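Data block below; observations after.
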Amino acid sequence: MSSTTKVWNFGAGPAAIPAEVLAKAQAEFLDFNNTGMSVLEISHRSKTFDNLLKKTKNDLRQLLNIPENYKILFMQGGGHTQFSAVVYNLVAAKRAKTGDYSWNPPVDYVITGSWSAKSVAEAKRLYANVNIAADAKVSGGGKFGSIPPRGEWKLSGPDAAYVYYCDNETINGVEFPYIPDIDPSVPLVCDMSSNILSRKFDVSKFGVIYAGAQKNVGPAGVTIVIVREDLLVDQPKTVAEHSAGSSGMLMTVPSMLDYKIMADTDSLYNTPPVFAVYMAGLVFDYLIARGGVQEIEKVNGQKAKLLYDYIDQSKIYQSHIDPKVRSRMNVPFRINPPELEAQFLAGAEALRMYQLKGHRSVGGLRASIYNAMTLEGVTALIDYMKAFEKKHSA
């Protein structure tokens with residue numbers, strides 16, 4: 001395999017952005033939409049940005065077939081902030097529905113990797129009544145790499161404020177191949193930060209979906225939140241109302257985390273991340289021009305199959321993830337012996353293949369092959385893996 005000037009970015013996030021998107025952003029960087037100003041300079045209260053925001057939301061609604069009874073919000077703070085926002089907003093919605101503002105309803109979590117585990121930790125910091133419905137690390141003998149069978153989940157039933165799961169665990173390489181079937185009266189909450197727009201799914205099955213942009217949508221800085229309208233409730237405003245809660249959990253949602261405030265102000269409660277929203281819009285244009293999510297889903301399936309098929313037949317590469325739930329977006333793998341991994345990374349970088357090192361918490365190697373990673377890039381990686389294996393096989 002010969003060296004090339006092309007760079008293959010296998011980073012988990014911030015991740016690769018389609019070259020065509022970057023080129024368009026570069027071409028209009030100094031003069032956006034004939035304003036004579038960069039998109040970095042335009043006011044978020046201007047008609048220019050209003051048009052941009054409307055188009056971006058409409059394009060996302062088209063790509064994911066989002067029903068009209070769902071609001072699309074552009075928030076800040078990434079997934080970590082949504083760990084808190086989900087608790088605040090959906091516990092408040094459950095209390096408003098029952099009229100019991102002193103109740104701390106159960107919140108159900110399914111842990112399948114590092115990110116869902118972090119969401120649980122944050123919910124506990126807020127004194128939420130957390131129920132661990134299933135934990136893949138417990139059922140997996142102390143390691144993540146599988147999804148507990150749905151029949152083994154211990155859900156709270158209709159009392160729950162929500163059921164939470166992470167659709168794709170970026171670090172651990174586990175992805176749900178299905179939407180969990182739960183009590184339809186309980187909102188299903190999903191972190192889709194690392195696989196949104198990579199495949200078709202039924203939005204109407206969910207109460208809340210959120211996704212940080214920096215994997216499949218664009219640069220870091222904006223978080224997409226898709227929330228069903230019936231979950232948007234007014235928050236207690238007075239000290240008396242706030243004091244009505246005896247559970248120890250805070251009653252009032254901070255304004256910057258309040259889904260209803262963000263919906264009522266069209267995500268303009270404060271200055272939004274204008275450039276990140278703009279870049280997301282360019283990515284949506286790119287996907288629509290190529291046939292939408294259904295077409296990129298086919299390519300993603302091809303890329304993942306090629307890589308996993310090679311790993312499975314290899315004598316030195318190993319995947320420790322249950323094949324039934326392997327991620328199409330993030331492919332962690334090891335080399336036997338592990339001492340070869342440093343050499344593998346050095347050789348990859350010499351060929352301008354970057355960010356293949358596994359997450360610091362688990363080690364090993366990881367190829368993130370989001371929408372922007374082409375079939376050509378995955379094929380180039382496999383060619384290098386074959387050459388490396390031939391050189392180092394016993």
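FYI, nothing fancy with the structure tokens labels: chains A, B, ... in order, residues from 1 per chain, ligands from 1 as they appear.
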
So which residues touch range 87-95 of chain A within 9 Å, counting only C-alpha atoms, skipping near sequence neighbours fewer than 4 positions away, as an NGL selection string? :A and (82-83 or 99-107 or 122-123 or 126 or 128 or 159-162 or 187 or 230-235 or 250-254 or 257-260)

File dump, residues just selected, N, CA and C atoms, as a compact mmCIF listing (two decimals), in the first residue's frame:
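Written output follows (again.txt):
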# COMPACT_ATOMS: atom_id res chain seq x y z
N GLN A 82 -27.17 17.38 28.74
CA GLN A 82 -28.46 16.70 28.60
C GLN A 82 -28.69 15.62 29.66
N PHE A 83 -27.61 15.09 30.22
CA PHE A 83 -27.79 14.15 31.34
C PHE A 83 -28.62 14.81 32.44
N GLY A 99 -49.96 16.12 39.11
CA GLY A 99 -50.32 17.18 40.04
C GLY A 99 -49.68 17.04 41.40
N ASP A 100 -48.79 16.06 41.54
CA ASP A 100 -48.11 15.83 42.82
C ASP A 100 -46.68 16.34 42.70
N TYR A 101 -46.46 17.56 43.20
CA TYR A 101 -45.14 18.18 43.07
C TYR A 101 -44.18 17.79 44.20
N SER A 102 -44.63 16.94 45.09
CA SER A 102 -43.75 16.44 46.14
C SER A 102 -43.22 15.05 45.81
N TRP A 103 -43.70 14.49 44.71
CA TRP A 103 -43.32 13.12 44.34
C TRP A 103 -42.00 13.11 43.58
N ASN A 104 -41.15 12.18 43.93
CA ASN A 104 -39.92 11.96 43.18
C ASN A 104 -40.06 10.63 42.44
N PRO A 105 -40.61 10.66 41.24
CA PRO A 105 -40.91 9.41 40.54
C PRO A 105 -39.65 8.67 40.14
N PRO A 106 -39.75 7.35 39.97
CA PRO A 106 -38.58 6.60 39.52
C PRO A 106 -38.18 6.98 38.09
N VAL A 107 -36.90 6.92 37.82
CA VAL A 107 -36.37 7.13 36.46
C VAL A 107 -35.54 5.90 36.12
N GLU A 122 -24.91 11.30 36.85
CA GLU A 122 -25.42 12.67 36.90
C GLU A 122 -26.82 12.71 37.49
N ALA A 123 -27.65 11.76 37.13
CA ALA A 123 -29.01 11.71 37.69
C ALA A 123 -28.97 11.55 39.21
N LEU A 126 -28.35 14.68 41.12
CA LEU A 126 -29.53 15.54 41.23
C LEU A 126 -30.58 14.93 42.16
N ALA A 128 -32.17 12.23 41.87
CA ALA A 128 -33.25 11.54 41.18
C ALA A 128 -33.42 10.14 41.77
N ASP A 159 -45.24 4.18 36.56
CA ASP A 159 -44.82 5.21 37.51
C ASP A 159 -43.57 5.96 37.05
N ALA A 160 -42.80 5.37 36.16
CA ALA A 160 -41.52 5.96 35.77
C ALA A 160 -41.72 7.27 35.02
N ALA A 161 -40.85 8.24 35.30
CA ALA A 161 -40.86 9.50 34.55
C ALA A 161 -40.33 9.30 33.15
N TYR A 162 -39.45 8.32 32.98
CA TYR A 162 -38.90 7.99 31.66
C TYR A 162 -38.06 6.73 31.74
N PRO A 187 -42.31 7.97 28.70
CA PRO A 187 -41.45 8.51 27.64
C PRO A 187 -40.14 7.74 27.52
N ASP A 230 -45.98 17.24 24.43
CA ASP A 230 -46.69 17.04 25.70
C ASP A 230 -45.76 17.00 26.89
N LEU A 231 -44.46 16.91 26.63
CA LEU A 231 -43.47 16.88 27.72
C LEU A 231 -42.94 18.26 28.05
N LEU A 232 -43.43 19.28 27.35
CA LEU A 232 -43.03 20.66 27.63
C LEU A 232 -44.00 21.25 28.63
N VAL A 233 -43.53 21.52 29.84
CA VAL A 233 -44.42 22.01 30.89
C VAL A 233 -43.84 23.26 31.52
N ASP A 234 -44.73 24.12 32.03
CA ASP A 234 -44.29 25.29 32.78
C ASP A 234 -43.74 24.85 34.12
N GLN A 235 -42.67 25.52 34.53
CA GLN A 235 -42.02 25.16 35.79
C GLN A 235 -42.53 26.01 36.95
N LEU A 250 -34.29 19.04 43.40
CA LEU A 250 -34.68 20.40 43.03
C LEU A 250 -35.94 20.39 42.19
N MET A 251 -36.79 21.36 42.42
CA MET A 251 -38.07 21.43 41.71
C MET A 251 -37.98 22.23 40.43
N THR A 252 -37.21 23.28 40.43
CA THR A 252 -37.24 24.22 39.32
C THR A 252 -36.12 23.93 38.33
N VAL A 253 -36.47 23.89 37.05
CA VAL A 253 -35.49 23.62 36.01
C VAL A 253 -34.69 24.89 35.72
N PRO A 254 -33.37 24.83 35.74
CA PRO A 254 -32.59 26.01 35.34
C PRO A 254 -33.00 26.47 33.94
N LEU A 257 -31.61 24.99 30.80
CA LEU A 257 -31.88 23.58 30.56
C LEU A 257 -33.36 23.31 30.31
N ASP A 258 -34.17 24.35 30.35
CA ASP A 258 -35.62 24.21 30.30
C ASP A 258 -36.08 24.04 28.84
N TYR A 259 -36.56 22.84 28.52
CA TYR A 259 -36.98 22.57 27.15
C TYR A 259 -38.11 23.50 26.70
N LYS A 260 -39.03 23.81 27.59
CA LYS A 260 -40.14 24.67 27.20
C LYS A 260 -39.68 26.09 26.89

Pick out the residues sitting within 10 Å of Leu375 in chain A, and hand them over as a ChimeraX atom specification; count only C-alpha atoms, and ignore anything fewer than 5 positions along from it in its own chain. /A:299-300,302-304,306,369,380-381

Asn33 in chain A environment, 12 Å, only C-alpha atoms, sequence neighbours closer than 4 positions dropped, as a PyMOL selection string: chain A and resi 24-25+27-29+37-39+42+47-49+51-52+278

For Ala387 in chain A: contacts at 12 Å, only C-alpha atoms, fewer than 4 positions along chain excluded, given as a CSV table (one decimal) with N, CA, C and O atoms, in the first residue's frame:
chain,number,residue,atom,x,y,z
A,1,MET,N,0.9,-1.2,0.0
A,1,MET,CA,0.0,0.0,0.0
A,1,MET,C,0.9,1.2,0.0
A,1,MET,O,1.8,1.4,0.8
A,2,SER,N,0.6,2.1,-0.9
A,2,SER,CA,1.5,3.3,-1.0
A,2,SER,C,1.0,4.5,-0.2
A,2,SER,O,-0.2,4.6,0.1
A,314,SER,N,-9.3,-12.7,10.8
A,314,SER,CA,-7.9,-12.4,11.0
A,314,SER,C,-7.3,-13.3,12.1
A,314,SER,O,-8.0,-13.7,13.0
A,316,ILE,N,-4.7,-12.0,14.0
A,316,ILE,CA,-4.2,-11.1,15.0
A,316,ILE,C,-5.1,-10.1,15.5
A,316,ILE,O,-5.0,-9.6,16.7
A,344,PHE,N,1.3,-0.5,15.2
A,344,PHE,CA,0.2,-0.4,14.3
A,344,PHE,C,-0.2,1.1,14.1
A,344,PHE,O,-0.4,1.6,13.0
A,347,GLY,N,2.4,3.0,12.2
A,347,GLY,CA,2.4,2.7,10.7
A,347,GLY,C,1.2,3.4,10.1
A,347,GLY,O,1.2,3.9,8.9
A,348,ALA,N,0.1,3.4,10.8
A,348,ALA,CA,-1.2,4.1,10.3
A,348,ALA,C,-0.9,5.6,10.1
A,348,ALA,O,-1.3,6.1,9.0
A,380,ALA,N,-9.1,1.5,2.5
A,380,ALA,CA,-7.7,1.8,2.8
A,380,ALA,C,-7.2,1.3,4.1
A,380,ALA,O,-6.1,0.8,4.2
A,381,LEU,N,-8.1,1.4,5.1
A,381,LEU,CA,-7.7,0.9,6.5
A,381,LEU,C,-7.6,-0.6,6.4
A,381,LEU,O,-6.6,-1.2,7.0
A,382,ILE,N,-8.5,-1.3,5.8
A,382,ILE,CA,-8.4,-2.8,5.7
A,382,ILE,C,-7.1,-3.2,5.0
A,382,ILE,O,-6.5,-4.2,5.4
A,383,ASP,N,-6.8,-2.5,3.9
A,383,ASP,CA,-5.6,-2.8,3.2
A,383,ASP,C,-4.4,-2.7,4.1
A,383,ASP,O,-3.5,-3.5,4.0
A,391,LYS,N,2.9,-8.9,7.8
A,391,LYS,CA,4.3,-8.7,8.3
A,391,LYS,C,4.5,-9.2,9.7
A,391,LYS,O,5.6,-9.7,10.0
A,392,HIS,N,3.4,-9.3,10.5
A,392,HIS,CA,3.6,-9.7,11.9
A,392,HIS,C,3.0,-11.0,12.3
A,392,HIS,O,3.1,-11.4,13.5
A,393,SER,N,2.4,-11.7,11.4
A,393,SER,CA,1.8,-13.0,11.7
A,393,SER,C,3.0,-14.0,11.9
A,393,SER,O,4.0,-14.0,11.2

Which residue, A:Ile288, A:Tyr70, A:Ile224, A:Leu282, has the smallest gap to Gln26 in chain A when you use only C-alpha atoms?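 Smallest distance to Gln26 in chain A is found for A:Leu282.
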
So which bits of range 170-270 of chain A end up strand (DSSP E) when you DSSP the backbone, as a PyMOL selection string? chain A and resi 174-175+188-191+208-212+223-228

Would you save the residues of that selection, restricted to N, CA, C and O atoms, as a tab-separated table (two decimals), in the first residue's frame?
chain	number	residue	atom	x	y	z
A	174	VAL	N	-20.90	-0.62	21.26
A	174	VAL	CA	-22.16	-1.35	21.36
A	174	VAL	C	-23.28	-0.47	20.83
A	174	VAL	O	-23.40	0.69	21.21
A	175	GLU	N	-24.11	-1.04	19.96
A	175	GLU	CA	-25.21	-0.29	19.37
A	175	GLU	C	-26.50	-1.11	19.42
A	175	GLU	O	-26.50	-2.30	19.10
A	188	LEU	N	-39.78	7.41	26.31
A	188	LEU	CA	-38.50	6.78	26.03
A	188	LEU	C	-37.50	7.87	25.65
A	188	LEU	O	-37.76	8.68	24.76
A	189	VAL	N	-36.38	7.90	26.36
A	189	VAL	CA	-35.35	8.93	26.16
A	189	VAL	C	-34.11	8.26	25.58
A	189	VAL	O	-33.67	7.22	26.09
A	190	CYS	N	-33.54	8.86	24.56
A	190	CYS	CA	-32.39	8.23	23.91
A	190	CYS	C	-31.29	9.24	23.60
A	190	CYS	O	-31.54	10.30	23.03
A	191	ASP	N	-30.07	8.86	23.95
A	191	ASP	CA	-28.87	9.58	23.54
A	191	ASP	C	-28.41	8.99	22.21
A	191	ASP	O	-27.96	7.85	22.16
A	208	VAL	N	-38.00	11.89	24.09
A	208	VAL	CA	-36.88	12.83	23.89
A	208	VAL	C	-35.75	12.09	23.20
A	208	VAL	O	-35.41	10.95	23.57
A	209	ILE	N	-35.18	12.73	22.20
A	209	ILE	CA	-33.94	12.27	21.56
A	209	ILE	C	-32.97	13.44	21.61
A	209	ILE	O	-33.36	14.58	21.35
A	210	TYR	N	-31.73	13.18	21.96
A	210	TYR	CA	-30.74	14.25	21.87
A	210	TYR	C	-29.46	13.72	21.25
A	210	TYR	O	-29.19	12.52	21.26
A	211	ALA	N	-28.69	14.65	20.68
A	211	ALA	CA	-27.45	14.26	20.01
A	211	ALA	C	-26.50	15.43	19.94
A	211	ALA	O	-26.84	16.48	19.39
A	212	GLY	N	-25.32	15.26	20.50
A	212	GLY	CA	-24.25	16.21	20.28
A	212	GLY	C	-23.84	16.16	18.82
A	212	GLY	O	-23.89	15.10	18.18
A	223	THR	N	-26.12	21.03	20.37
A	223	THR	CA	-26.75	19.75	20.69
A	223	THR	C	-28.18	19.79	20.17
A	223	THR	O	-28.95	20.70	20.49
A	224	ILE	N	-28.52	18.81	19.36
A	224	ILE	CA	-29.89	18.70	18.85
A	224	ILE	C	-30.75	17.99	19.88
A	224	ILE	O	-30.37	16.93	20.41
A	225	VAL	N	-31.90	18.57	20.20
A	225	VAL	CA	-32.86	17.94	21.09
A	225	VAL	C	-34.20	17.88	20.36
A	225	VAL	O	-34.69	18.89	19.86
A	226	ILE	N	-34.76	16.69	20.28
A	226	ILE	CA	-36.07	16.47	19.67
A	226	ILE	C	-37.00	16.02	20.78
A	226	ILE	O	-36.79	14.96	21.38
A	227	VAL	N	-38.01	16.82	21.10
A	227	VAL	CA	-38.83	16.55	22.27
A	227	VAL	C	-40.31	16.61	21.91
A	227	VAL	O	-40.75	17.52	21.19
A	228	ARG	N	-41.06	15.65	22.40
A	228	ARG	CA	-42.50	15.61	22.16
A	228	ARG	C	-43.20	16.73	22.93
A	228	ARG	O	-42.87	16.99	24.08

Please identify all polymer residues within 12 Å of Glu295 in chain A, counting only C-alpha atoms, omitting same-chain residues fewer than 4 positions from it, and present them as a list in words.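 The contact residues come out as Leu63, Leu197, Ser198, Arg199, Lys200, Tyr286, Leu287, Ile288, Ala289, Arg290, Gly291, Val299, Asn300, Gly301, Gln302 and Asn371 of chain A.
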
Given the selection you just returned, output its residues as a file containing all heavy atoms, formatted as a short mmCIF file (atom, residue, chain, number, x, y, z; two decimals), in the first residue's frame.
data_model
loop_
_atom_site.label_atom_id
_atom_site.label_comp_id
_atom_site.auth_asym_id
_atom_site.auth_seq_id
_atom_site.Cartn_x
_atom_site.Cartn_y
_atom_site.Cartn_z
N LEU A 63 -35.25 14.84 6.97
CA LEU A 63 -34.31 13.71 7.00
C LEU A 63 -34.76 12.61 7.95
O LEU A 63 -34.62 11.42 7.64
CB LEU A 63 -32.92 14.21 7.40
CG LEU A 63 -32.11 14.92 6.32
CD1 LEU A 63 -30.94 15.67 6.93
CD2 LEU A 63 -31.62 13.91 5.27
N LEU A 197 -28.77 10.17 12.32
CA LEU A 197 -28.66 10.37 10.88
C LEU A 197 -27.88 9.27 10.17
O LEU A 197 -27.61 9.36 8.98
CB LEU A 197 -28.03 11.73 10.54
CG LEU A 197 -28.87 12.95 10.91
CD1 LEU A 197 -28.03 14.22 10.81
CD2 LEU A 197 -30.10 13.06 10.01
N SER A 198 -27.57 8.18 10.89
CA SER A 198 -26.84 7.07 10.26
C SER A 198 -27.78 5.97 9.79
O SER A 198 -27.37 5.10 9.01
CB SER A 198 -25.82 6.48 11.24
OG SER A 198 -26.48 5.76 12.28
N ARG A 199 -29.04 5.99 10.26
CA ARG A 199 -30.02 4.99 9.85
C ARG A 199 -31.43 5.52 10.13
O ARG A 199 -31.61 6.43 10.93
CB ARG A 199 -29.81 3.67 10.61
CG ARG A 199 -30.00 3.78 12.12
CD ARG A 199 -29.73 2.46 12.81
NE ARG A 199 -29.86 2.57 14.26
CZ ARG A 199 -29.57 1.58 15.11
NH1 ARG A 199 -29.13 0.43 14.64
NH2 ARG A 199 -29.70 1.76 16.41
N LYS A 200 -32.40 4.94 9.48
CA LYS A 200 -33.79 5.34 9.67
C LYS A 200 -34.30 4.77 10.99
O LYS A 200 -33.90 3.68 11.41
CB LYS A 200 -34.65 4.82 8.51
CG LYS A 200 -34.34 5.44 7.17
CD LYS A 200 -35.05 4.72 6.03
CE LYS A 200 -36.57 4.79 6.17
NZ LYS A 200 -37.25 4.09 5.04
N TYR A 286 -26.07 18.23 2.46
CA TYR A 286 -25.22 17.18 1.88
C TYR A 286 -25.94 15.83 1.88
O TYR A 286 -25.93 15.10 0.87
CB TYR A 286 -23.92 17.11 2.69
CG TYR A 286 -23.03 15.94 2.40
CD1 TYR A 286 -22.08 16.00 1.38
CD2 TYR A 286 -23.11 14.77 3.16
CE1 TYR A 286 -21.24 14.93 1.12
CE2 TYR A 286 -22.27 13.69 2.90
CZ TYR A 286 -21.35 13.77 1.88
OH TYR A 286 -20.53 12.70 1.63
N LEU A 287 -26.59 15.51 2.99
CA LEU A 287 -27.28 14.21 3.08
C LEU A 287 -28.50 14.18 2.17
O LEU A 287 -28.75 13.16 1.50
CB LEU A 287 -27.70 13.95 4.53
CG LEU A 287 -26.58 13.66 5.52
CD1 LEU A 287 -27.13 13.58 6.95
CD2 LEU A 287 -25.87 12.35 5.16
N ILE A 288 -29.26 15.25 2.14
CA ILE A 288 -30.45 15.30 1.28
C ILE A 288 -30.06 15.13 -0.18
O ILE A 288 -30.72 14.40 -0.95
CB ILE A 288 -31.22 16.61 1.51
CG1 ILE A 288 -31.88 16.60 2.91
CG2 ILE A 288 -32.28 16.82 0.43
CD1 ILE A 288 -32.47 17.94 3.32
N ALA A 289 -28.97 15.79 -0.59
CA ALA A 289 -28.52 15.70 -1.98
C ALA A 289 -28.09 14.30 -2.36
O ALA A 289 -28.06 13.95 -3.56
CB ALA A 289 -27.36 16.68 -2.21
N ARG A 290 -27.77 13.47 -1.39
CA ARG A 290 -27.32 12.11 -1.65
C ARG A 290 -28.37 11.06 -1.34
O ARG A 290 -28.04 9.89 -1.14
CB ARG A 290 -26.02 11.85 -0.86
CG ARG A 290 -24.83 12.49 -1.53
CD ARG A 290 -23.71 12.85 -0.59
NE ARG A 290 -22.66 13.54 -1.33
CZ ARG A 290 -22.71 14.82 -1.69
NH1 ARG A 290 -23.75 15.55 -1.37
NH2 ARG A 290 -21.72 15.36 -2.36
N GLY A 291 -29.61 11.49 -1.28
CA GLY A 291 -30.68 10.52 -1.13
C GLY A 291 -31.20 10.34 0.28
O GLY A 291 -32.05 9.47 0.52
N VAL A 299 -24.70 2.59 2.89
CA VAL A 299 -23.23 2.72 2.86
C VAL A 299 -22.64 2.37 4.22
O VAL A 299 -21.62 1.68 4.30
CB VAL A 299 -22.82 4.14 2.44
CG1 VAL A 299 -21.30 4.28 2.45
CG2 VAL A 299 -23.37 4.48 1.06
N ASN A 300 -23.28 2.84 5.29
CA ASN A 300 -22.78 2.53 6.62
C ASN A 300 -22.77 1.03 6.89
O ASN A 300 -21.85 0.50 7.52
CB ASN A 300 -23.64 3.24 7.67
CG ASN A 300 -23.38 4.73 7.72
OD1 ASN A 300 -22.29 5.21 7.38
ND2 ASN A 300 -24.38 5.50 8.13
N GLY A 301 -23.79 0.34 6.42
CA GLY A 301 -23.84 -1.11 6.58
C GLY A 301 -22.72 -1.80 5.83
O GLY A 301 -22.09 -2.75 6.34
N GLN A 302 -22.43 -1.32 4.63
CA GLN A 302 -21.34 -1.90 3.83
C GLN A 302 -20.00 -1.70 4.51
O GLN A 302 -19.17 -2.62 4.58
CB GLN A 302 -21.33 -1.27 2.44
CG GLN A 302 -22.53 -1.60 1.57
CD GLN A 302 -22.58 -0.77 0.30
OE1 GLN A 302 -21.77 0.14 0.10
NE2 GLN A 302 -23.54 -1.05 -0.56
N ASN A 371 -20.83 8.79 9.18
CA ASN A 371 -21.32 9.08 7.83
C ASN A 371 -20.25 9.66 6.90
O ASN A 371 -20.20 9.36 5.72
CB ASN A 371 -22.48 10.08 7.90
CG ASN A 371 -23.76 9.46 8.45
OD1 ASN A 371 -23.83 8.26 8.70
ND2 ASN A 371 -24.77 10.29 8.64
#

Between CA of Asp285 in chain A and CA of Leu40 in chain A, what distance in Å does the model show, to one decimal? 19.4 Å
